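Here is the file entry.cif (mmCIF, C-alpha atoms).
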```cif
data_start
loop_
_atom_site.label_atom_id
_atom_site.label_comp_id
_atom_site.auth_asym_id
_atom_site.auth_seq_id
_atom_site.Cartn_x
_atom_site.Cartn_y
_atom_site.Cartn_z
CA MET L 23 107.26 -44.64 -103.71
CA LYS L 24 103.70 -43.70 -103.21
CA LEU L 25 102.65 -42.93 -99.71
CA LYS L 26 99.33 -44.28 -98.60
CA LYS L 27 97.44 -42.08 -96.22
CA GLN L 28 96.25 -43.82 -93.14
CA GLU L 29 93.07 -41.86 -92.59
CA GLU L 30 89.93 -43.89 -92.86
CA PRO L 31 86.65 -42.23 -93.67
CA GLU L 32 84.88 -41.95 -90.32
CA ALA L 33 81.29 -43.04 -90.11
CA SER L 34 80.32 -40.21 -87.82
CA VAL L 35 76.87 -38.68 -87.57
CA ASP L 36 76.66 -34.92 -87.74
CA MET L 37 75.03 -33.91 -84.49
CA THR L 38 74.82 -30.19 -85.14
CA PRO L 39 71.19 -30.01 -86.39
CA MET L 40 70.02 -32.14 -83.52
CA ILE L 41 71.73 -29.96 -80.96
CA ASP L 42 70.29 -26.85 -82.62
CA CYS L 43 66.86 -28.35 -82.37
CA VAL L 44 67.24 -29.46 -78.77
CA PHE L 45 68.53 -26.05 -77.72
CA LEU L 46 65.55 -24.41 -79.37
CA LEU L 47 63.15 -26.68 -77.50
CA LEU L 48 65.05 -26.12 -74.29
CA ILE L 49 64.78 -22.34 -74.59
CA PHE L 50 61.10 -22.62 -75.52
CA PHE L 51 60.23 -24.63 -72.43
CA MET L 52 62.38 -22.45 -70.19
CA VAL L 53 60.52 -19.36 -71.38
CA CYS L 54 57.16 -21.10 -70.93
CA ALA L 55 58.09 -22.08 -67.41
CA THR L 56 59.04 -18.54 -66.43
CA MET L 57 56.02 -17.00 -68.15
CA SER L 58 53.54 -19.05 -66.21
CA LYS L 59 55.24 -18.18 -62.96
CA VAL L 60 52.81 -16.10 -60.98
CA ASP L 61 52.47 -15.67 -57.28
CA GLN L 62 50.91 -19.05 -56.61
CA THR L 63 50.66 -19.86 -52.99
CA PRO L 64 50.41 -23.66 -52.93
CA GLU L 65 48.07 -23.67 -49.94
CA VAL L 66 45.30 -22.15 -52.02
CA VAL L 67 42.87 -24.70 -53.45
CA LEU L 68 40.87 -22.85 -56.08
CA PRO L 69 37.13 -23.32 -56.47
CA ILE L 70 35.66 -24.90 -59.58
CA ALA L 71 33.77 -22.91 -62.21
CA PRO L 72 33.14 -24.79 -65.46
CA LYS L 73 32.14 -21.60 -67.31
CA ALA L 74 35.31 -19.71 -66.41
CA ALA L 75 37.53 -18.55 -69.26
CA ILE L 76 41.20 -19.43 -69.70
CA PRO L 77 42.95 -16.06 -69.95
CA GLU L 78 45.11 -15.22 -72.95
CA ASP L 79 46.78 -12.17 -71.51
CA LEU L 80 48.29 -12.61 -68.08
CA ARG L 81 50.01 -9.25 -67.97
CA GLY L 82 49.09 -6.44 -65.64
CA ARG L 83 47.85 -8.63 -62.85
CA GLY L 84 48.44 -8.16 -59.18
CA VAL L 85 47.91 -11.39 -57.30
CA VAL L 86 46.34 -11.63 -53.87
CA ASN L 87 46.06 -15.04 -52.22
CA ILE L 88 43.38 -15.70 -49.66
CA VAL L 89 43.09 -18.86 -47.55
CA PRO L 90 40.72 -19.75 -44.70
CA LEU L 91 41.61 -18.08 -41.42
CA GLY L 92 44.14 -19.99 -39.37
CA THR L 93 45.91 -21.68 -42.28
CA PRO L 94 49.64 -21.91 -41.52
CA ILE L 95 51.72 -19.96 -44.04
CA GLY L 96 55.49 -19.85 -43.80
CA GLY L 97 56.35 -18.90 -40.23
CA GLY L 98 52.91 -17.78 -39.10
CA ALA L 99 49.27 -18.31 -39.89
CA THR L 100 46.53 -16.21 -41.38
CA SER L 101 44.41 -14.35 -38.87
CA GLU L 102 41.79 -11.61 -38.74
CA ASN L 103 44.62 -9.07 -38.62
CA THR L 104 46.66 -10.41 -41.53
CA PRO L 105 44.39 -12.43 -43.81
CA PHE L 106 46.00 -11.74 -47.21
CA ILE L 107 49.08 -13.37 -48.72
CA ILE L 108 51.23 -11.59 -51.29
CA TYR L 109 54.36 -13.39 -52.39
CA GLY L 110 54.31 -15.55 -49.27
CA GLN L 111 54.04 -12.56 -46.95
CA LEU L 112 51.05 -12.10 -44.69
CA THR L 113 49.54 -8.66 -44.88
CA ASP L 114 46.48 -6.59 -44.00
CA GLU L 115 44.40 -3.91 -45.77
CA PRO L 116 46.91 -1.03 -45.50
CA GLY L 117 49.68 -3.36 -46.68
CA LEU L 118 47.56 -4.53 -49.59
CA MET L 119 46.65 -0.98 -50.57
CA LYS L 120 50.30 0.08 -50.38
CA ILE L 121 51.37 -2.73 -52.71
CA ILE L 122 48.51 -1.94 -55.12
CA ALA L 123 49.50 1.75 -55.13
CA GLU L 124 53.12 0.85 -55.90
CA ARG L 125 52.12 -1.45 -58.74
CA ARG L 126 49.67 1.08 -60.14
CA ALA L 127 52.40 3.68 -60.45
CA THR L 128 54.04 1.58 -63.18
CA GLU L 129 50.94 -0.23 -64.48
CA PRO L 130 47.88 1.99 -64.77
CA ASP L 131 45.76 -0.89 -66.13
CA LEU L 132 46.41 -3.07 -63.13
CA ARG L 133 43.84 -5.74 -62.40
CA ILE L 134 43.65 -7.69 -59.21
CA TYR L 135 43.73 -11.44 -59.51
CA MET L 136 42.33 -13.00 -56.36
CA ARG L 137 43.32 -16.57 -55.76
CA VAL L 138 40.78 -17.43 -53.11
CA ASP L 139 40.64 -20.85 -51.52
CA LYS L 140 37.31 -22.59 -52.06
CA ASN L 141 36.78 -22.82 -48.32
CA ALA L 142 37.72 -19.23 -47.54
CA GLU L 143 35.02 -17.17 -45.86
CA PHE L 144 33.45 -14.37 -47.86
CA LYS L 145 34.08 -11.82 -45.12
CA ILE L 146 37.82 -11.92 -45.91
CA VAL L 147 37.16 -11.65 -49.63
CA LYS L 148 34.85 -8.74 -48.87
CA ARG L 149 37.66 -6.96 -47.02
CA ALA L 150 40.01 -7.53 -49.95
CA ILE L 151 37.43 -6.20 -52.43
CA ARG L 152 36.87 -3.14 -50.27
CA ALA L 153 40.62 -2.51 -50.03
CA CYS L 154 40.88 -2.76 -53.84
CA ALA L 155 38.03 -0.30 -54.28
CA ASN L 156 39.67 2.10 -51.85
CA ALA L 157 42.90 1.81 -53.83
CA GLY L 158 41.01 2.63 -57.02
CA ILE L 159 40.93 -0.82 -58.60
CA PHE L 160 37.54 -1.88 -59.91
CA ASP L 161 38.57 -4.75 -62.13
CA ILE L 162 38.84 -7.91 -60.08
CA ILE L 163 39.23 -11.50 -61.20
CA PHE L 164 38.69 -14.66 -59.19
CA GLY L 165 41.00 -17.56 -59.94
CA THR L 166 39.22 -20.86 -60.58
CA PHE L 167 39.70 -24.25 -62.14
CA GLN L 168 37.48 -25.34 -64.99
CA SER L 169 37.28 -28.89 -63.71
CA ALA L 170 38.21 -30.83 -60.63
CA SER L 171 39.93 -33.66 -62.47
CA ALA L 172 43.32 -33.98 -64.18
CA GLY L 173 46.34 -31.76 -64.06
CA GLY L 174 48.46 -33.21 -61.28
CA GLY L 175 49.49 -30.47 -58.88
CA GLY L 176 48.38 -26.85 -58.88
CA MET E 8 114.38 -47.17 -83.10
CA LYS E 9 111.54 -45.27 -81.74
CA LEU E 10 108.55 -45.03 -83.96
CA LYS E 11 106.81 -41.76 -84.04
CA PHE E 12 103.10 -41.92 -84.68
CA LYS E 13 101.94 -39.60 -87.33
CA ASP E 14 98.47 -39.07 -85.90
CA ASP E 15 98.19 -35.56 -84.68
CA VAL E 16 95.97 -34.87 -81.77
CA LYS E 17 92.59 -33.71 -82.99
CA ALA E 18 91.25 -30.65 -81.29
CA ALA E 19 87.73 -32.05 -81.16
CA VAL E 20 85.44 -31.33 -78.25
CA ASP E 21 83.51 -34.23 -76.90
CA MET E 22 79.90 -33.14 -77.03
CA THR E 23 78.37 -36.16 -75.31
CA PRO E 24 78.24 -34.78 -71.73
CA MET E 25 76.80 -31.50 -72.98
CA ILE E 26 74.08 -33.27 -74.91
CA ASP E 27 73.30 -35.42 -71.88
CA CYS E 28 72.98 -32.34 -69.79
CA VAL E 29 70.84 -30.46 -72.31
CA PHE E 30 68.50 -33.42 -72.69
CA LEU E 31 68.12 -33.60 -68.96
CA LEU E 32 67.22 -29.92 -68.78
CA LEU E 33 64.84 -30.30 -71.70
CA VAL E 34 62.99 -33.16 -70.05
CA PHE E 35 62.87 -31.27 -66.76
CA PHE E 36 61.31 -28.17 -68.30
CA MET E 37 58.89 -30.22 -70.36
CA VAL E 38 57.66 -32.01 -67.27
CA SER E 39 57.48 -28.90 -65.12
CA THR E 40 55.47 -26.91 -67.67
CA THR E 41 52.77 -29.55 -67.94
CA PHE E 42 52.73 -30.05 -64.18
CA ASN E 43 50.70 -26.98 -63.32
CA LYS E 44 47.00 -27.12 -63.86
CA GLN E 45 45.82 -24.13 -65.79
CA GLU E 46 43.87 -21.56 -63.88
CA ALA E 47 40.80 -19.93 -65.36
CA ASP E 48 39.26 -16.52 -64.81
CA ILE E 49 35.86 -15.55 -63.54
CA SER E 50 35.70 -11.80 -63.33
CA PHE E 51 33.41 -9.09 -62.06
CA ALA E 52 33.66 -5.35 -61.91
CA LEU E 53 32.91 -3.06 -59.03
CA PRO E 54 30.32 -0.46 -60.03
CA GLY E 55 32.85 2.37 -59.85
CA THR E 56 33.84 1.91 -63.48
CA ALA E 57 30.83 0.15 -64.91
CA ALA E 58 28.39 2.95 -64.23
CA GLN E 59 30.52 5.85 -65.40
CA SER E 60 30.83 5.70 -69.14
CA ASP E 61 28.22 3.65 -70.96
CA SER E 62 24.84 3.80 -69.36
CA VAL E 63 22.76 6.79 -68.51
CA GLU E 64 19.58 4.78 -68.12
CA ILE E 65 18.98 3.00 -64.88
CA PRO E 66 20.09 -0.60 -65.20
CA ASP E 67 17.81 -3.48 -64.41
CA GLU E 68 19.33 -4.76 -61.21
CA GLN E 69 18.68 -7.95 -59.35
CA ILE E 70 20.15 -8.96 -56.04
CA ILE E 71 21.19 -12.52 -55.33
CA GLN E 72 21.60 -13.42 -51.70
CA ILE E 73 23.64 -16.35 -50.48
CA THR E 74 23.19 -17.72 -47.00
CA GLU E 75 25.82 -19.39 -44.88
CA ALA E 76 24.29 -22.81 -45.57
CA GLY E 77 24.60 -22.21 -49.31
CA ASN E 78 20.96 -21.39 -50.10
CA VAL E 79 20.65 -18.96 -52.97
CA PHE E 80 17.84 -16.40 -53.04
CA LEU E 81 16.83 -14.19 -55.93
CA ASN E 82 13.99 -11.81 -55.08
CA ASP E 83 13.31 -13.80 -51.91
CA LEU E 84 12.73 -16.96 -53.89
CA GLU E 85 15.07 -19.83 -53.30
CA TYR E 86 16.73 -21.42 -56.28
CA ASP E 87 18.26 -24.89 -56.41
CA LYS E 88 19.54 -27.05 -53.61
CA PRO E 89 22.35 -25.66 -51.42
CA THR E 90 24.56 -28.52 -52.55
CA ASP E 91 23.98 -28.23 -56.28
CA PRO E 92 26.98 -26.54 -57.91
CA ASP E 93 25.42 -26.18 -61.38
CA MET E 94 22.24 -24.33 -60.36
CA PRO E 95 20.14 -24.97 -63.47
CA GLU E 96 17.06 -23.13 -62.13
CA LEU E 97 19.07 -19.99 -61.39
CA VAL E 98 20.74 -20.08 -64.81
CA LYS E 99 17.34 -20.41 -66.46
CA THR E 100 15.87 -17.49 -64.52
CA LEU E 101 18.94 -15.32 -65.08
CA THR E 102 18.86 -16.03 -68.81
CA LEU E 103 15.20 -14.94 -68.91
CA PHE E 104 16.09 -11.85 -66.90
CA ARG E 105 18.88 -10.95 -69.34
CA GLN E 106 16.62 -11.46 -72.34
CA THR E 107 13.95 -9.23 -70.78
CA ALA E 108 16.52 -6.56 -70.01
CA GLU E 109 17.87 -6.76 -73.56
CA ALA E 110 14.35 -6.42 -74.97
CA ASN E 111 13.91 -3.29 -72.85
CA GLN E 112 17.37 -2.10 -73.93
CA VAL E 113 18.66 -1.68 -70.41
CA PRO E 114 21.78 -3.33 -69.04
CA ALA E 115 21.17 -6.42 -66.92
CA MET E 116 22.97 -6.11 -63.62
CA ILE E 117 23.44 -8.61 -60.86
CA THR E 118 24.54 -7.76 -57.37
CA ILE E 119 25.65 -10.66 -55.24
CA ALA E 120 25.24 -10.30 -51.51
CA PRO E 121 26.76 -13.25 -49.69
CA GLU E 122 26.67 -13.59 -45.93
CA ASP E 123 29.97 -13.30 -44.07
CA ASN E 124 30.68 -16.99 -43.63
CA VAL E 125 29.72 -18.15 -47.11
CA LYS E 126 32.44 -20.28 -48.64
CA GLN E 127 34.15 -18.99 -51.75
CA GLN E 128 33.09 -22.08 -53.72
CA ARG E 129 29.42 -21.10 -53.35
CA VAL E 130 30.15 -17.51 -54.44
CA VAL E 131 31.97 -18.83 -57.49
CA ASP E 132 29.03 -21.16 -58.21
CA VAL E 133 26.75 -18.12 -58.42
CA LEU E 134 29.28 -16.20 -60.55
CA ASN E 135 29.48 -19.27 -62.75
CA ALA E 136 25.68 -19.25 -63.13
CA CYS E 137 25.82 -15.56 -64.13
CA THR E 138 28.47 -16.36 -66.73
CA ALA E 139 26.34 -19.25 -68.00
CA ALA E 140 23.42 -16.81 -68.37
CA LYS E 141 25.80 -14.44 -70.23
CA ILE E 142 25.38 -11.62 -67.73
CA ALA E 143 28.52 -9.52 -67.71
CA ASN E 144 27.65 -6.83 -65.18
CA VAL E 145 28.15 -8.62 -61.93
CA THR E 146 29.14 -6.90 -58.75
CA PHE E 147 29.24 -7.45 -55.03
CA ALA E 148 27.51 -5.73 -52.17
CA VAL E 149 30.41 -5.24 -49.80
CA GLY E 150 29.66 -1.88 -48.25
CA SER E 151 30.20 -1.48 -44.55
CA GLU E 152 27.13 0.62 -43.71
CA ASP E 153 24.62 -1.01 -46.04
CA GLU E 154 26.11 0.76 -48.99
CA GLU E 155 27.73 -0.60 -52.07
CA ILE E 156 31.12 0.55 -53.16
#
```

Can the structure from this file be put into structure tokens for me?
Amino acid sequence: MKLKKQEEPEASVDMTPMIDCVFLLLIFFMVCATMSKVDQTPEVVLPIAPKAAIPEDLRGRGVVNIVPLGTPIGGGATSENTPFIIYGQLTDEPGLMKIIAERRATEPDLRIYMRVDKNAEFKIVKRAIRACANAGIFDIIFGTFQSASAGGGG
Amino acid sequence: MKLKFKDDVKAAVDMTPMIDCVFLLLVFFMVSTTFNKQEADISFALPGTAAQSDSVEIPDEQIIQITEAGNVFLNDLEYDKPTDPDMPELVKTLTLFRQTAEANQVPAMITIAPEDNVKQQRVVDVLNACTAAKIANVTFAVGSEDEEI
């Protein structure tokens, strides 16, 4: 007697290439998300400069955030004594210079990226520039937006 | 009699929940990467480095003053309205200044001297005008005792 096998040919789709593809995309976007992660204090509203250039190389940047005096940040608020924000921490000139010195030890080509709020007073910016000069940094960049429209958050 | 089924248990992993999860993550990262508006650079250099290497000749330097109200003065002449962010007159003058400096083969330099309470937007407007006029040597007068650093 001949035995008949009961297996039917399954009409299954091979999902392997799709999963490969999706994983690749997933990793790509995860890397993009972590690459663009800089010290962005959300309170800072950048000024608009249509002629500003979108940077290609974001490495070697030390970020300083500056908001108008009296803006609440975390637990406290910015004041004459502590007008600068670095990674959410309020600091003053000696603190800023200390952080710059530490960063410069590992990155000699350090540039300072100042994210200054459009309504911040120049006297605070002036103090930050002076602190940078005293710390030996002469290359300073202001963060701006190219246009006021589009882009959701930021 | 008890019938014994011949099907053996397949050791297949059900991939559906994993794919669900991965798709969710994929969508999340896609949305979050496009969420942030891209920031652009407007840079300047303090004279500490600019003066050292390249130029021995004295650069052609102009000083732009910005008042608290947003008025912009170049050589004591006021340019554009305090509310105009594009500053076409200033760009035009700065372009002429750069061309003159180039013809004389000296570097064109701009020093911006804003008053203490000038808003950053106005400072960036002036920097933007300098960039529009293709002047690269821009610096700030920030010295404490009337000196630049």

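Between CA of Val133 in chain E and CA of Leu81 in chain E there is a distance of 11.0 Å.
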
| task | Report as an MDAnalysis selection string the set of chain L residues whose atoms approach chain E to within 8 Å, with distances computed over only C-alpha atoms. | result | chainID L and resid 41 44:45 47:48 51:52 54:55 69:77 138:145 148:149 151:152 155 160:168 172:176

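Atom pair CA of Ala140 in chain E / CA of Arg105 in chain E: separated by 7.5 Å.
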
What's the 12 Å shell around range 123-129 of chain L, counting only C-alpha atoms, without same-chain residues fewer than 5 positions away, as a compact mmCIF listing (two decimals) with C-alpha atoms, keeping the file's coordinate frame?
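Full text of out_26.txt as output:
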```
# COMPACT_ATOMS: atom_id res chain seq x y z
CA ARG L 81 50.01 -9.25 -67.97
CA GLY L 82 49.09 -6.44 -65.64
CA ARG L 83 47.85 -8.63 -62.85
CA GLY L 84 48.44 -8.16 -59.18
CA VAL L 85 47.91 -11.39 -57.30
CA PRO L 116 46.91 -1.03 -45.50
CA GLY L 117 49.68 -3.36 -46.68
CA LEU L 118 47.56 -4.53 -49.59
CA ILE L 134 43.65 -7.69 -59.21
CA ALA L 153 40.62 -2.51 -50.03
CA CYS L 154 40.88 -2.76 -53.84
CA ALA L 155 38.03 -0.30 -54.28
CA ASN L 156 39.67 2.10 -51.85
CA ALA L 157 42.90 1.81 -53.83
CA GLY L 158 41.01 2.63 -57.02
CA ILE L 159 40.93 -0.82 -58.60
```

| task | Go ahead and compute the interatomic distance for CA of Glu102 in chain L and CA of Ile146 in chain L, in Å to one decimal. | result | 8.2 Å

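Using all atoms listed in the file, the protein and nucleic acid residues lying no more than 9 Å from Asp114 in chain L, apart from those fewer than 3 places from it along its own chain, are Glu102, Asn103, Thr104, Pro105, Phe106, Ile107, Gly117, Leu118, Met119 and Ala150 of chain L.
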
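Considering only C-alpha atoms, the residue among E:Asn82, E:Thr74, E:Gln69, E:Thr90 positioned nearest to Pro114 in chain E is E:Gln69.
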
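Taking all atoms listed in the file, the non-local environment of Ile95 in chain L within 10 Å (same-chain residues fewer than 3 positions away omitted) comprises Thr63, Pro64, Glu65, Val89, Gly92, Gly98, Ala99, Thr100, Ile107, Gly110, Gln111 and Leu112 of chain L.
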
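All protein and nucleic acid residues in the vicinity of (23.7, -10.3, -59.1), that is within 7 Å when counting all atoms listed in the file, are Gln69, Ile70, Ile71, Met116, Ile117, Thr118, Ile119, Val145 and Thr146 of chain E.
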
Taking all atoms of range 80-83 of chain L that appear in the file, build a box with edges along x, y and z, extend it by 6 Å on every side, and state its centre and edge lengths in Å to one decimal, as AutoDock Vina command-line options.
```
--center_x 48.9 --center_y -9.5 --center_z -65.5 --size_x 14.2 --size_y 18.2 --size_z 17.2
```

From the coordinates I just gave you, please extract range 34-137 of chain E so that only C-alpha atoms remain, then output it as a CSV table (one decimal), in the first residue's frame.
```
chain,number,residue,atom,x,y,z
E,34,VAL,CA,8.0,54.8,12.5
E,35,PHE,CA,9.0,56.4,15.7
E,36,PHE,CA,12.6,57.1,14.6
E,37,MET,CA,11.4,58.3,11.2
E,38,VAL,CA,9.1,60.8,12.8
E,39,SER,CA,11.6,62.0,15.4
E,40,THR,CA,14.4,62.6,12.9
E,41,THR,CA,12.2,64.9,10.8
E,42,PHE,CA,10.8,66.6,13.8
E,43,ASN,CA,13.8,68.9,14.5
E,44,LYS,CA,14.2,71.9,12.4
E,45,GLN,CA,17.7,72.1,11.1
E,46,GLU,CA,20.0,74.7,12.5
E,47,ALA,CA,22.3,76.8,10.4
E,48,ASP,CA,25.6,78.4,11.1
E,49,ILE,CA,26.6,82.0,11.0
E,50,SER,CA,30.2,82.3,12.1
E,51,PHE,CA,32.8,84.9,12.9
E,52,ALA,CA,36.3,84.8,14.2
E,53,LEU,CA,37.9,86.8,17.0
E,54,PRO,CA,40.9,88.6,15.7
E,55,GLY,CA,43.3,86.5,17.8
E,56,THR,CA,43.6,84.0,15.0
E,57,ALA,CA,42.7,86.0,11.9
E,58,ALA,CA,45.5,88.5,12.2
E,59,GLN,CA,48.3,86.1,13.0
E,60,SER,CA,49.1,84.1,9.9
E,61,ASP,CA,47.9,85.6,6.6
E,62,SER,CA,48.0,89.3,6.5
E,63,VAL,CA,50.9,91.6,7.1
E,64,GLU,CA,49.3,94.5,5.5
E,65,ILE,CA,46.8,96.5,7.5
E,66,PRO,CA,43.3,95.4,6.8
E,67,ASP,CA,40.6,97.8,5.6
E,68,GLU,CA,38.4,97.9,8.7
E,69,GLN,CA,35.0,99.3,9.1
E,70,ILE,CA,33.0,99.5,12.3
E,71,ILE,CA,29.3,98.8,12.4
E,72,GLN,CA,27.5,100.1,15.4
E,73,ILE,CA,24.1,98.9,16.5
E,74,THR,CA,22.0,100.8,18.9
E,75,GLU,CA,19.5,99.5,21.4
E,76,ALA,CA,16.6,100.5,19.2
E,77,GLY,CA,18.1,98.5,16.3
E,78,ASN,CA,19.5,101.4,14.3
E,79,VAL,CA,22.6,100.4,12.4
E,80,PHE,CA,25.4,102.9,11.8
E,81,LEU,CA,28.4,102.4,9.5
E,82,ASN,CA,30.8,105.4,9.6
E,83,ASP,CA,28.2,107.4,11.5
E,84,LEU,CA,25.7,107.0,8.6
E,85,GLU,CA,22.5,105.2,9.4
E,86,TYR,CA,21.5,102.3,7.1
E,87,ASP,CA,18.0,100.9,6.7
E,88,LYS,CA,15.1,101.0,9.1
E,89,PRO,CA,15.5,99.5,12.6
E,90,THR,CA,12.8,97.0,11.8
E,91,ASP,CA,14.1,95.8,8.4
E,92,PRO,CA,15.8,92.4,8.8
E,93,ASP,CA,17.1,92.2,5.3
E,94,MET,CA,19.1,95.5,5.3
E,95,PRO,CA,19.5,96.0,1.5
E,96,GLU,CA,21.3,99.4,1.8
E,97,LEU,CA,23.9,97.9,4.2
E,98,VAL,CA,24.4,94.9,2.0
E,99,LYS,CA,24.9,97.2,-1.0
E,100,THR,CA,27.4,99.4,0.8
E,101,LEU,CA,29.3,96.4,2.3
E,102,THR,CA,29.5,94.8,-1.1
E,103,LEU,CA,31.1,98.0,-2.5
E,104,PHE,CA,33.4,98.1,0.4
E,105,ARG,CA,34.6,94.5,-0.2
E,106,GLN,CA,35.1,95.2,-3.9
E,107,THR,CA,37.2,98.3,-3.1
E,108,ALA,CA,39.2,96.3,-0.6
E,109,GLU,CA,39.8,93.5,-3.1
E,110,ALA,CA,40.9,96.0,-5.7
E,111,ASN,CA,43.4,97.4,-3.2
E,112,GLN,CA,44.4,93.8,-2.3
E,113,VAL,CA,43.8,94.3,1.4
E,114,PRO,CA,41.5,92.1,3.5
E,115,ALA,CA,38.0,93.6,4.1
E,116,MET,CA,37.3,93.5,7.8
E,117,ILE,CA,34.1,94.3,9.7
E,118,THR,CA,34.0,95.0,13.4
E,119,ILE,CA,30.5,94.9,14.9
E,120,ALA,CA,30.0,97.0,18.0
E,121,PRO,CA,26.5,96.5,19.4
E,122,GLU,CA,25.3,98.3,22.5
E,123,ASP,CA,24.7,96.2,25.6
E,124,ASN,CA,20.9,95.7,25.3
E,125,VAL,CA,20.8,95.0,21.6
E,126,LYS,CA,18.8,91.9,20.9
E,127,GLN,CA,20.6,88.9,19.3
E,128,GLN,CA,18.3,88.9,16.3
E,129,ARG,CA,19.5,92.4,15.3
E,130,VAL,CA,23.2,91.3,15.7
E,131,VAL,CA,22.5,88.2,13.5
E,132,ASP,CA,20.7,90.5,11.0
E,133,VAL,CA,24.0,92.5,10.6
E,134,LEU,CA,26.1,89.2,10.5
E,135,ASN,CA,23.6,88.0,7.8
E,136,ALA,CA,24.2,91.3,5.8
E,137,CYS,CA,28.0,90.7,6.0
```
